[in-house]
>>> print(open('target.cif').read())   # mmCIF, C-alpha atoms
data_run
#
loop_
_atom_site.label_atom_id
_atom_site.label_comp_id
_atom_site.auth_asym_id
_atom_site.auth_seq_id
_atom_site.Cartn_x
_atom_site.Cartn_y
_atom_site.Cartn_z
CA MET Z 19 96.08 164.05 93.80
CA LEU Z 20 92.91 165.91 94.79
CA ASN Z 21 94.89 167.66 97.53
CA SER Z 22 96.89 169.43 94.81
CA PHE Z 23 93.83 170.98 93.16
CA PRO Z 24 94.73 174.69 92.58
CA VAL Z 25 93.28 176.93 95.27
CA ASP Z 26 92.65 179.68 92.74
CA GLN Z 27 90.11 177.38 91.03
CA LEU Z 28 88.07 177.56 94.25
CA LYS Z 29 88.09 181.35 94.11
CA VAL Z 30 86.25 182.10 90.88
CA ALA Z 31 86.47 185.74 89.83
CA ASP Z 32 83.17 187.60 90.08
CA ASP Z 33 81.69 187.80 86.58
CA GLY Z 34 78.96 190.19 87.67
CA GLN Z 35 76.18 187.69 86.94
CA LYS Z 36 73.69 187.72 89.78
CA MET Z 37 70.10 186.56 89.82
CA GLY Z 38 67.89 187.00 92.87
CA GLY Z 39 70.95 188.14 94.83
CA ILE Z 40 72.82 184.89 94.06
CA SER Z 41 76.24 185.06 92.37
CA ARG Z 42 76.95 182.63 89.53
CA SER Z 43 80.69 182.74 90.30
CA ASP Z 44 80.04 181.73 93.92
CA LEU Z 45 77.91 178.83 92.73
CA ILE Z 46 80.72 177.53 90.52
CA ALA Z 47 83.36 177.85 93.24
CA THR Z 48 81.15 176.12 95.83
CA GLY Z 49 80.27 173.36 93.38
CA ARG Z 50 83.95 172.62 92.76
CA LEU Z 51 84.65 172.42 96.48
CA LEU Z 52 81.71 170.06 97.01
CA THR Z 53 82.89 167.89 94.11
CA LEU Z 54 86.39 167.61 95.58
CA GLU Z 55 85.05 166.91 99.06
CA CYS Z 56 82.59 164.26 97.87
CA ASN Z 57 85.20 162.53 95.70
CA GLY Z 58 87.94 162.75 98.33
CA ARG Z 59 85.78 161.47 101.16
CA ALA Z 60 84.62 158.53 99.04
CA THR Z 61 88.25 157.72 98.19
CA ASN Z 62 89.24 157.82 101.86
CA SER Z 63 86.34 155.52 102.73
CA ILE Z 64 87.30 152.98 100.07
CA ARG Z 65 91.02 153.02 100.78
CA GLY Z 66 90.67 153.11 104.54
CA ASP Z 67 93.26 155.89 104.82
CA LYS Z 68 93.37 159.67 104.73
CA GLY Z 69 94.81 160.24 101.28
CA TYR Z 70 92.55 163.25 100.87
CA THR Z 71 92.46 165.99 103.51
CA PRO Z 72 88.87 167.22 103.94
CA LYS Z 73 88.42 170.97 104.05
CA LEU Z 74 85.07 170.75 105.85
CA ASP Z 75 83.74 168.74 108.79
CA GLU Z 76 80.61 166.63 108.36
CA ILE Z 77 78.20 169.36 109.47
CA GLY Z 78 79.94 172.00 107.39
CA TYR Z 79 79.82 169.79 104.30
CA ALA Z 80 76.14 168.93 104.76
CA ASN Z 81 75.19 172.59 105.24
CA LEU Z 82 77.24 173.71 102.24
CA SER Z 83 75.73 171.00 100.04
CA THR Z 84 72.15 171.87 101.03
CA GLY Z 85 72.73 175.60 100.64
CA HIS Z 86 74.43 175.17 97.25
CA ARG Z 87 71.60 173.07 95.89
CA LYS Z 88 68.97 175.62 96.92
CA LYS Z 89 70.90 178.58 95.53
CA LEU Z 90 71.65 176.74 92.28
CA LEU Z 91 67.99 176.00 91.64
CA MET Z 92 66.90 179.53 92.58
CA PHE Z 93 69.54 181.12 90.34
CA CYS Z 94 68.46 179.07 87.32
CA ALA Z 95 64.79 179.75 88.04
CA ALA Z 96 65.43 183.48 88.43
CA ARG Z 97 67.07 183.59 85.01
CA ALA Z 98 64.15 181.69 83.45
CA TYR Z 99 61.64 184.02 85.14
CA ALA Z 100 63.55 187.11 84.00
CA VAL Z 101 63.12 186.06 80.36
CA GLN Z 102 59.38 185.91 81.01
CA GLY Z 103 59.35 189.25 82.85
CA LYS Z 104 58.56 187.61 86.18
CA PRO Z 105 60.25 188.42 89.53
CA ALA Z 106 62.83 186.04 90.97
CA PRO Z 107 61.45 183.19 93.13
CA GLU Z 108 61.16 183.95 96.83
CA ASN Z 109 62.28 180.54 98.03
CA VAL Z 110 63.37 177.12 96.77
CA GLU Z 111 59.95 175.58 97.47
CA GLN Z 112 58.51 177.83 94.79
CA VAL Z 113 61.05 176.43 92.33
CA LYS Z 114 60.34 172.81 93.27
CA ASN Z 115 56.61 173.28 92.78
CA ASP Z 116 56.91 175.06 89.43
CA LEU Z 117 56.56 172.12 87.06
CA SER Z 118 56.94 174.36 84.01
CA LEU Z 119 60.65 174.68 84.77
CA CYS Z 120 61.31 171.04 83.83
CA ARG Z 121 60.59 172.05 80.22
CA ASN Z 122 62.00 175.55 80.38
CA GLN Z 123 65.02 175.73 78.04
CA THR Z 124 66.49 178.78 79.84
CA PHE Z 125 66.39 177.01 83.21
CA LEU Z 126 67.94 173.82 81.83
CA ALA Z 127 70.61 175.61 79.76
CA THR Z 128 71.65 177.73 82.76
CA LEU Z 129 71.86 174.66 84.99
CA ALA Z 130 73.87 172.72 82.38
CA GLY Z 131 76.31 175.60 81.93
CA ILE Z 132 77.03 175.82 85.66
CA VAL Z 133 77.44 172.05 85.98
CA GLN Z 134 79.91 172.07 83.08
CA GLU Z 135 82.00 174.86 84.65
CA VAL Z 136 81.98 173.10 88.01
CA ILE Z 137 83.27 169.80 86.63
CA THR Z 138 85.66 170.84 83.82
CA PRO Z 139 88.69 171.94 85.94
CA VAL Z 140 88.34 168.89 88.19
CA LEU Z 141 88.63 166.47 85.26
CA PRO Z 142 92.47 166.37 85.02
CA TYR Z 143 92.70 165.42 88.68
CA VAL Z 144 90.18 162.62 88.23
CA ILE Z 145 92.04 161.31 85.19
CA SER Z 146 95.33 161.35 87.10
CA ASN Z 147 93.79 158.81 89.45
CA VAL Z 148 93.06 156.45 86.55
CA ALA Z 149 96.60 155.39 85.80
CA GLY Z 150 98.97 157.71 87.59
CA ARG Z 151 102.34 157.89 85.87
CA LEU Z 152 101.43 155.17 83.38
CA MET Z 153 99.30 157.57 81.36
CA GLU Z 154 100.34 161.05 80.24
CA SER Z 155 97.53 163.56 79.72
CA THR Z 156 97.78 166.44 77.25
CA THR Z 157 95.47 168.90 75.50
CA VAL Z 158 94.91 169.62 71.80
CA PRO Z 159 93.16 172.62 70.19
CA LEU Z 160 89.64 171.60 69.21
CA GLY Z 161 89.60 170.04 65.72
CA GLN Z 162 93.37 169.50 65.61
CA THR Z 163 95.65 166.53 66.27
CA LYS Z 164 98.57 165.99 68.61
CA GLU Z 165 101.75 164.31 67.37
CA VAL Z 166 103.97 162.63 69.95
CA THR Z 167 107.52 162.03 68.73
CA VAL Z 168 109.05 158.86 70.12
CA HIS Z 169 112.83 158.77 69.92
CA SER Z 170 114.77 155.59 69.32
CA ASN Z 171 115.61 153.56 72.42
CA ASP Z 172 118.47 151.78 70.65
CA TRP Z 173 122.17 152.56 71.01
CA PHE Z 174 125.30 152.17 68.92
CA VAL Z 175 126.99 148.77 68.80
CA PHE Z 176 130.77 148.75 68.93
CA GLU Z 177 132.59 145.80 67.32
CA ASP Z 178 136.21 144.66 67.33
CA SER Z 179 137.92 146.27 64.37
CA SER Z 180 141.21 147.75 63.14
CA TRP Z 181 142.40 151.21 62.15
CA GLY Z 182 140.52 152.53 59.12
CA ALA Z 183 138.11 149.61 59.00
CA SER Z 184 135.08 151.24 60.69
CA ARG Z 185 133.12 151.21 57.42
CA SER Z 186 133.06 147.43 57.50
CA ALA Z 187 131.29 147.40 60.87
CA SER Z 188 127.56 146.68 61.14
CA LEU Z 189 125.36 149.65 60.29
CA ASN Z 190 123.45 151.16 63.21
CA HIS Z 191 120.17 153.04 62.83
CA LEU Z 192 118.62 155.77 64.98
CA TYR Z 193 115.00 156.42 64.14
CA ASP Z 194 112.06 158.41 65.45
CA ASP Z 195 108.44 157.36 65.34
CA THR Z 196 105.33 159.53 65.49
CA VAL Z 197 102.05 158.69 67.21
CA THR Z 198 99.07 160.87 66.30
CA LEU Z 199 96.33 161.62 68.83
CA ASN Z 200 93.03 162.75 67.34
CA PRO Z 201 90.46 163.68 70.04
CA ARG Z 202 86.96 162.70 69.02
CA PRO Z 203 83.59 162.84 70.79
CA SER Z 204 82.42 160.21 73.23
CA SER Z 205 78.91 160.72 74.59
CA CYS Z 206 76.44 159.47 77.17
CA ARG Z 207 72.75 160.20 77.77
CA VAL Z 208 71.03 160.07 81.16
CA GLN Z 209 67.33 160.35 81.92
CA ILE Z 210 66.46 161.74 85.34
CA LYS Z 211 63.07 162.56 86.86
CA TRP Z 212 62.42 166.22 87.65
CA PHE Z 213 61.68 165.66 91.34
CA GLN Z 214 64.79 163.53 91.71
CA LEU Z 215 66.84 166.48 90.46
CA VAL Z 216 65.19 169.33 92.37
CA ALA Z 217 62.97 168.01 95.15
CA ASN Z 218 65.10 165.46 96.99
CA ASP Z 219 67.55 166.69 99.59
CA ASN Z 220 70.30 164.35 98.42
CA ASP Z 221 73.93 165.44 98.46
CA ILE Z 222 74.44 167.36 95.21
CA GLY Z 223 78.11 166.37 95.31
CA TYR Z 224 76.95 162.90 94.24
CA PHE Z 225 75.26 164.40 91.21
CA TYR Z 226 78.50 166.07 90.08
CA ASN Z 227 80.50 162.93 90.82
CA ALA Z 228 78.10 160.72 88.88
CA ILE Z 229 79.24 162.57 85.76
CA LEU Z 230 82.88 162.35 86.81
CA ALA Z 231 82.50 158.62 87.52
CA GLY Z 232 81.23 158.02 84.00
CA TYR Z 233 84.12 160.03 82.59
CA TYR Z 234 86.52 158.05 84.78
CA ASN Z 235 85.03 154.78 83.54
CA LYS Z 236 85.45 155.80 79.90
CA ASN Z 237 89.10 156.69 80.43
CA MET Z 238 89.69 153.50 82.40
CA GLY Z 239 88.22 151.61 79.45
CA ASN Z 240 90.56 153.41 77.04
CA PHE Z 241 93.48 152.78 79.37
CA THR Z 242 92.64 149.08 79.76
CA GLN Z 243 92.30 148.66 76.00
CA ALA Z 244 95.73 150.26 75.54
CA VAL Z 245 97.27 148.00 78.20
CA ASN Z 246 95.80 144.93 76.49
CA GLU Z 247 97.24 146.16 73.20
CA ILE Z 248 100.67 146.43 74.80
CA SER Z 249 100.57 143.05 76.52
CA THR Z 250 99.52 141.12 73.39
CA ASN Z 251 101.78 142.82 70.84
CA THR Z 252 105.38 141.59 70.57
CA ILE Z 253 106.39 144.89 68.94
CA TYR Z 254 105.53 146.71 72.14
CA LEU Z 255 106.39 143.88 74.51
CA PRO Z 256 109.27 141.57 73.53
CA ALA Z 257 109.34 138.06 74.96
CA TYR Z 258 112.04 138.81 77.53
CA LEU Z 259 109.73 141.37 79.20
CA LYS Z 260 106.59 139.23 79.31
CA PHE Z 261 106.05 136.91 82.28
CA ILE Z 262 103.30 134.47 83.20
CA THR Z 263 102.58 134.30 86.95
CA TYR Z 264 104.36 136.13 89.74
CA ASN Z 265 107.29 134.65 91.61
CA SER Z 266 110.62 135.91 92.90
CA ALA Z 267 112.53 134.90 89.77
CA ASN Z 268 110.07 136.55 87.40
CA TRP Z 269 110.00 139.69 89.53
CA ALA Z 270 113.78 139.97 89.48
CA SER Z 271 113.98 139.25 85.76
CA ALA Z 272 111.31 141.85 84.99
CA ILE Z 273 113.11 144.51 87.02
CA MET Z 274 116.48 143.74 85.44
CA GLY Z 275 114.96 143.65 81.95
CA VAL Z 276 113.24 147.03 82.25
CA SER Z 277 116.30 148.57 83.90
CA ALA Z 278 118.62 147.37 81.15
CA ALA Z 279 116.27 148.20 78.24
CA ASN Z 280 115.74 151.78 79.44
CA ARG Z 281 119.15 152.28 81.04
CA LEU Z 282 117.52 153.04 84.38
CA HIS Z 283 118.39 151.98 87.92
CA ARG Z 284 115.73 149.89 89.62
CA ASN Z 285 114.96 152.73 92.04
CA GLN Z 286 113.78 154.68 88.98
CA LEU Z 287 111.09 152.08 88.25
CA VAL Z 288 107.50 151.73 89.46
CA ALA Z 289 105.23 148.66 89.53
CA TYR Z 290 101.53 149.17 88.77
CA GLY Z 291 98.58 146.92 89.40
CA THR Z 292 95.24 146.60 91.14
CA TYR Z 293 95.01 145.95 94.86
CA ALA Z 294 94.33 142.26 94.19
CA ALA Z 295 97.46 141.87 92.07
CA LEU Z 296 99.78 143.86 94.35
CA GLN Z 297 98.58 141.86 97.33
CA GLN Z 298 100.22 138.82 95.78
CA VAL Z 299 103.65 140.49 95.90
CA LEU Z 300 104.09 139.36 99.46
CA PRO Z 301 106.91 137.28 100.91
CA LYS Z 302 105.62 133.82 101.83
CA GLY Z 303 108.49 133.04 104.15
CA THR Z 304 110.18 130.62 101.78
CA PRO Z 305 113.92 130.90 101.06
CA SER Z 306 113.24 132.03 97.49
CA ASP Z 307 111.24 134.97 98.80
CA ALA Z 308 113.66 135.97 101.53
CA ALA Z 309 115.27 138.67 99.40
CA LEU Z 310 111.92 140.46 99.03
CA THR Z 311 111.53 140.80 102.77
CA TYR Z 312 114.25 143.43 103.02
CA GLY Z 313 112.97 146.97 103.43
CA LEU Z 314 109.27 146.19 103.75
CA GLY Z 315 109.07 147.52 107.30
CA GLN Z 316 105.55 148.04 108.55
CA GLU Z 317 103.95 148.83 105.18
CA TRP Z 318 101.98 145.61 104.85
CA MET Z 319 100.66 145.58 108.40
CA ARG Z 320 99.78 149.28 108.35
CA ASN Z 321 98.30 149.80 104.88
CA GLY Z 322 97.33 146.38 103.57
CA PHE Z 323 99.61 146.78 100.58
CA LEU Z 324 103.36 146.77 100.00
CA GLY Z 325 105.28 150.00 99.74
CA VAL Z 326 108.56 148.90 98.13
CA VAL Z 327 109.67 145.51 96.84
CA GLY Z 328 113.20 144.99 95.59
CA GLY Z 329 113.69 148.76 95.48
CA VAL Z 330 110.61 149.22 93.26
CA PRO Z 331 107.61 151.07 94.76
CA LEU Z 332 104.16 149.63 94.16
CA PHE Z 333 101.48 151.94 92.79
CA GLU Z 334 97.82 150.91 92.97
CA ILE Z 335 95.60 151.35 89.92
CA GLU Z 336 92.11 152.14 91.18
CA GLN Z 337 89.53 149.78 89.74
CA SER Z 338 86.38 150.74 87.88
CA LEU Z 339 83.32 148.65 87.07
CA LEU Z 340 82.30 147.78 83.55
CA PRO Z 341 79.26 149.93 82.65
CA GLY Z 342 75.99 148.11 83.21
CA THR Z 343 77.41 145.60 85.72
CA VAL Z 344 77.34 147.69 88.92
CA ASN Z 345 74.08 146.04 90.04
CA THR Z 346 74.71 142.60 88.55
CA THR Z 347 78.06 140.87 88.04
CA GLY Z 348 80.33 143.70 89.21
CA GLN Z 349 82.81 143.06 86.40
CA MET Z 350 86.04 145.02 86.83
CA MET Z 351 87.61 146.86 83.91
CA PHE Z 352 91.33 146.52 84.57
CA PRO Z 353 92.64 142.93 84.79
CA SER Z 354 93.10 142.08 88.44
CA ASP Z 355 95.88 139.56 87.71
CA THR Z 356 98.32 141.89 85.91
CA ILE Z 357 101.31 143.92 87.13
CA ILE Z 358 103.22 146.38 84.93
CA ILE Z 359 106.76 147.53 85.66
CA ALA Z 360 107.82 150.77 83.97
CA GLY Z 361 110.10 153.75 84.37
CA ARG Z 362 108.97 156.59 86.63
CA ALA Z 363 107.66 159.80 85.11
CA GLY Z 364 110.61 161.95 84.15
CA SER Z 365 112.84 158.90 83.79
CA ALA Z 366 111.05 157.34 80.81
CA TYR Z 367 108.23 157.86 78.35
CA ALA Z 368 104.72 157.25 79.66
CA PRO Z 369 103.60 154.14 77.75
CA ILE Z 370 100.10 155.56 77.19
CA TYR Z 371 99.02 159.07 76.17
CA THR Z 372 95.55 160.63 76.33
CA ALA Z 373 94.72 163.90 74.59
CA PHE Z 374 91.71 166.08 75.45
CA ALA Z 375 90.21 168.85 73.36
CA ASP Z 376 91.57 172.08 74.81
CA GLY Z 377 88.90 174.24 76.40
CA SER Z 378 86.07 171.78 75.72
CA PRO Z 379 86.97 168.42 77.30
CA LEU Z 380 83.37 168.05 78.44
CA VAL Z 381 80.09 169.45 77.14
CA VAL Z 382 76.91 169.17 79.24
CA GLU Z 383 73.42 169.72 77.83
CA MET Z 384 70.00 169.34 79.42
CA ASN Z 385 66.72 168.99 77.54
CA PRO Z 386 63.15 167.95 78.36
CA THR Z 387 62.09 164.44 77.37
CA ASP Z 388 59.41 163.70 74.79
CA THR Z 389 57.38 161.80 77.36
CA GLY Z 390 54.95 162.98 79.99
CA ASP Z 391 56.73 161.51 83.02
CA MET Z 392 58.34 164.78 84.17
CA SER Z 393 61.87 163.76 83.15
CA ILE Z 394 64.79 165.51 81.52
CA TYR Z 395 67.74 164.28 79.45
CA ILE Z 396 71.30 165.05 80.49
CA ASP Z 397 73.70 164.68 77.55
CA CYS Z 398 77.45 164.68 78.21
CA THR Z 399 80.08 164.67 75.47
CA ALA Z 400 83.80 164.20 76.14
CA VAL Z 401 86.38 164.89 73.42
CA MET Z 402 89.49 162.71 73.81
CA ASP Z 403 91.78 160.05 72.34
CA THR Z 404 94.10 157.44 73.90
CA LYS Z 405 97.08 155.78 72.18
CA VAL Z 406 99.99 153.50 73.03
CA VAL Z 407 103.34 155.31 72.95
CA MET Z 408 106.06 152.75 73.59
CA GLY Z 409 109.26 154.78 73.46
CA SER Z 410 110.29 153.12 76.72
CA LYS Z 411 110.12 149.41 77.41
CA ILE Z 412 107.93 147.96 80.15
CA ALA Z 413 107.48 144.49 81.64
CA VAL Z 414 104.10 142.82 82.09
CA ILE Z 415 103.42 140.03 84.55
CA THR Z 416 100.10 138.26 83.94
CA ASN Z 417 98.23 135.53 85.80
CA VAL Z 418 99.46 137.00 89.08
CA GLY Z 419 98.23 134.80 91.88
CA SER Z 420 98.18 131.56 89.86
CA THR Z 421 100.47 128.67 90.68
CA GLY Z 422 101.83 128.24 87.17
CA GLY Z 423 105.53 128.39 86.27
#
>>> encode(input="target.cif", output="structure tokens")
Amino acid sequence: MLNSFPVDQLKVADDGQKMGGISRSDLIATGRLLTLECNGRATNSIRGDKGYTPKLDEIGYANLSTGHRKKLLMFCAARAYAVQGKPAPENVEQVKNDLSLCRNQTFLATLAGIVQEVITPVLPYVISNVAGRLMESTTVPLGQTKEVTVHSNDWFVFEDSSWGASRSASLNHLYDDTVTLNPRPSSCRVQIKWFQLVANDNDIGYFYNAILAGYYNKNMGNFTQAVNEISTNTIYLPAYLKFITYNSANWASAIMGVSAANRLHRNQLVAYGTYAALQQVLPKGTPSDAALTYGLGQEWMRNGFLGVVGGVPLFEIEQSLLPGTVNTTGQMMFPSDTIIIAGRAGSAYAPIYTAFADGSPLVVEMNPTDTGDMSIYIDCTAVMDTKVVMGSKIAVITNVGSTGG
């Protein structure tokens, strides 16, 4: 998904804002490239493949990151100095050693504004990695709501009759339903020491991605909550589409049920789950699993996950850790024992919708702390809402990997 990031977003038009010979537009463009590179490289490392194509080699990335960090700090300092009638700093060491900047509102506001412009256009591509085609993303004007109209998935029932007796047949109903999305603020506050922000030569791409990771986690939480709502509500998930444990029979029944309910061929379906769950969809060599062996080819041996099973491609949902557990229990957000089978995008409704406030999906603010430990607060506010939109039927298989019936 990151490979499809628009190239024009990496070529920010010159806005004429220069401080100390440094262009603000160039800073934003470089920051976006570093964010993509950092995120993409991390994804490649985790997946063990080359899903993202790096645009820089290791040396080029390191040099760009170091240069961007220095220019960013000098630009913000130059703007703060200009307000005071002072000349722009001569080098980045002068900025690092100027402790007054950690409480300078102009410096912090300028830095926050650039960070916000760097991250904002990358957000949709991060969110697309949360749930792929299972979650549709849309935007709403700030302060307004978004109504999603869900058309009836029922069809007319024909009964044996006679001429002129159609009025005695059972009455059919076609109905629409409306789901309202109302984006509302969701915030986080981070405290970071001044020298950690400006003095260390750490990769600044990690700083940008720390914000994106938190945003990703929040959306994964919303997505997981919506999935749980679907899987426990018989209105959304009738009994014939809910299965406990994975086996060949349940897999076939789930595919046939979703195909029939949505009037789709099985090659128009997609199965979603975490790596742990999809790993279980593997032929064991028994006669009952023989049918699943067809068409697998080299996918399992090459990638460590299945490409297509029974004509249905498998799509991995990338996991995210529950906030506060990264250094302790490592609790995952999305259930690792659940597989969802749904229609592909374009063939059926996305079962989950998320709406973001148009133009202001993320607000970043930086302020000095009230303590004397040389720290600053970074406040981030995201404006969004997530709802279940079940115009199309899906199947849910839980307890994947257990030996139950």
>>> closest_residue(input="target.cif", among="Z:Asn200, Z:Ser271, Z:Thr292, Z:Thr399", to="Z:Gly232", atoms="only C-alpha atoms")
Z:Thr399
>>> axis_aligned_box(input="target.cif", around="stretch 47-57 of chain Z", padding_each_side="6 Å", output="AutoDock Vina command-line options")
--center_x 83.3 --center_y 170.2 --center_z 95.9 --size_x 18.1 --size_y 27.3 --size_z 18.3
>>> residues_around(input="target.cif", residues="Z:Lys405", least_positions_apart="5", cutoff="7 Å", atoms="all atoms listed in the file", output="ChimeraX atom specification")
/Z:199,244,370-372
>>> closest_residue(input="target.cif", among="Z:Ala130, Z:Ile40, Z:Ile253, Z:Val110", to="Z:Ile396", atoms="all atoms listed in the file")
Z:Ala130
>>> resolve_selection(input="target.cif", expression="the PyMOL selection byres ((chain Z and resi 73-81) around 12)", output="MDAnalysis selection string")
chainID Z and resid 20:21 25 28 48:49 51:56 58:59 70:72 82:88 219:223
>>> resolve_selection(input="target.cif", expression="the PyMOL selection byres ((chain Z and resi 256) around 12)", output="ChimeraX atom specification")
/Z:248-255,257-261,272,275-276,279,408,411-414
